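S.K.: Have a look at the structure that comes next, please.
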Amino acid sequence: MRVGIVHTASSPCGCAEAVAAGLAALGHEIFIVDSEDILLLAKELAATCDLVIDHTDTFLGWGVLRPFVRWELEKCGARVVGPSAQACFLADDKIAAKRSLNAAGVPTPPGAAITEATAELPPWLRPPLILKPACEHMSRGVTLAKTREEARMAVGVLLESYCQPVLVETFIPGRELAVSVLDGPEGLEILPILEWLPDGEEYRILTEAFKLQENGAVREDAQRIILSSVQQQEIESLSRKAFRTLGLRDYARFDVRLSPDGRFYFLEANTTPSLETGEALALSARWAGVDYVHLVKRILAVAQRRYGVDLTRLRSRRRC
């Protein structure tokens, strides 16, 4: 099978190299493309690759534009692994995703969308506060404000820097979790849940620097969390509901906070969770007894079943 990989060549992320090694171990042919060249190469990917793994970080230098890469692939008929472009547009928009999750009964931190630097924060939003550009990821622009004045200043900076609305949320103290989900023939599987252990005592948040640091397969800043049976059932139920509410498929990861009083708050959905061998998805899979190569195989298998085609067909019959 020939598998295309779309990634952002300028990004420090090593997902493309990791998944390429996994695909090679499975005996697949690989075609790697820079997301910045997608307008030139989408037709070729659709015509010559049986499946395409899109792990775009940014497009035209902006994280907010990355779903357009998947949209272009789908427009050309590419068989894309992972969520559809429509689902990515929803899940990548933290404000729209928050509304959808709340409507479905999936708890998120209290928050408000701010579109103008002069707008007043709702009085019920009390510091400390977390501010995020609505459609960025990798914690780009995430800011902790300990006072309302700090929040007001930060909103102005983020609006100017990222040219998109800002989501302002109540900071939820507690434990930072990564909940990885795999789709399969028997339904959605919630992998063993990972807890991040970032530096800091009072306000622990995952910064962009934390996510970009070099890590091997063995990490000291992450551990498997053991929950009570009631909590385990609750987080699994909420994760499945969030997955279906946002229209995700194949695989995903949710960032979740477990507050000191035992409540779960969904912070955001990751439609393209890191595929590096030392990151949350691979670590959680390993705890479930699934090594990296078999993780890649499982992700491909569910996409193959969805498309329901004979992948040995003549590729020359495929057209954009």
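Each chain in the structure tokens gets a letter, A, B and so on, in the order shown; residues start at 1 in every chain, and ligands are counted from 1 in the order they appear.
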So that I can check the secondary structure, give me every residue of stretch 43-147 of chain A assigned helix (DSSP H, G or I) by backbone DSSP, as number ranges by chain.
M.R.: A: 43-48, 63-65, 67-75, 85-92, 94-103
S.K.: Mind checking which residues fall within 6 Å of stretch 94-108 of chain A, counting only C-alpha atoms, ignoring those fewer than 2 positions away in the same chain, and posting them as an NGL selection string?
M.R.: :A and (90-92 or 134 or 265-266)
S.K.: Based on the selection just made, write C-alpha atoms of those residues as a PDB file, in the first residue's frame.
M.R.:
ATOM      1  CA  LEU A  90     -15.291  22.453  14.199  1.00  0.00           C
ATOM      2  CA  ALA A  91     -12.820  20.869  16.614  1.00  0.00           C
ATOM      3  CA  ASP A  92      -9.993  23.295  15.782  1.00  0.00           C
ATOM      4  CA  ALA A 134      -9.541  30.434  19.273  1.00  0.00           C
ATOM      5  CA  TYR A 265     -13.297  19.620  32.416  1.00  0.00           C
ATOM      6  CA  PHE A 266     -12.571  19.168  28.702  1.00  0.00           C
TER       7      PHE A 266
END
S.K.: Tell me, which residues of stretch 106-136 of chain A carry DSSP strand (DSSP E or B), written as number ranges by chain?
M.R.: A: 111-114, 129-133
S.K.: Skip A:Pro260 itself and residues of its chain fewer than 5 positions away, then list as a list in words all residues within 8 Å of it, counting only C-alpha atoms.
M.R.: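 Everything that qualifies: Pro173, Gly174 and Arg175 of chain A.
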S.K.: Quick one: of A:Arg79, A:Arg126, A:Arg66, A:His294, who's nearest to A:Ala47, counting only C-alpha atoms?
M.R.: A:Arg79
S.K.: Pick out the residues sitting within 7 Å of A:Ala280, and hand them over as a tab-separated table (two decimals) with C-alpha atoms, in the first residue's frame; count only C-alpha atoms, and ignore anything fewer than 4 positions along from it in its own chain.
M.R.:
chain	number	residue	atom	x	y	z
A	178	ALA	CA	-4.42	13.41	28.05
A	194	LEU	CA	-1.85	9.92	30.84
A	284	SER	CA	-1.01	5.41	26.22
S.K.: Suppose you want the space between atom CA of A:Ala119 and atom CA of A:Leu167; what is it in Å?
M.R.: 12.6 Å
S.K.: How far is it from atom CA of A:Leu51 to atom CA of A:Ile5, in Å with one decimal?
M.R.: 8.8 Å
S.K.: Identify, on the basis of only C-alpha atoms, every residue whose closest approach to A:Ile225 does not exceed 12 Å; exclude the query and any residue fewer than 4 positions from it along the same chain; express the result as a VMD selection string.
M.R.: chain A and resid 175 to 179 191 to 197 231 to 232 258 284 287
S.K.: Just want the 8 Å neighbourhood of A:Glu276, counted on only C-alpha atoms, with same-chain residues fewer than 6 positions away dropped. Output as a ChimeraX atom specification.
M.R.: /A:13-15,18-19,282
S.K.: Between atom CA of A:His28 and atom CA of A:Lys75, what is the distance, to one decimal in Å?
M.R.: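 A separation of 24.5 Å between them.
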S.K.: Counting only C-alpha atoms, which residue out of A:Ala16, A:Ile235, A:Leu295, A:Val52 sits closest to A:Arg70?
M.R.: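 The answer is A:Val52, which sits nearest to A:Arg70.
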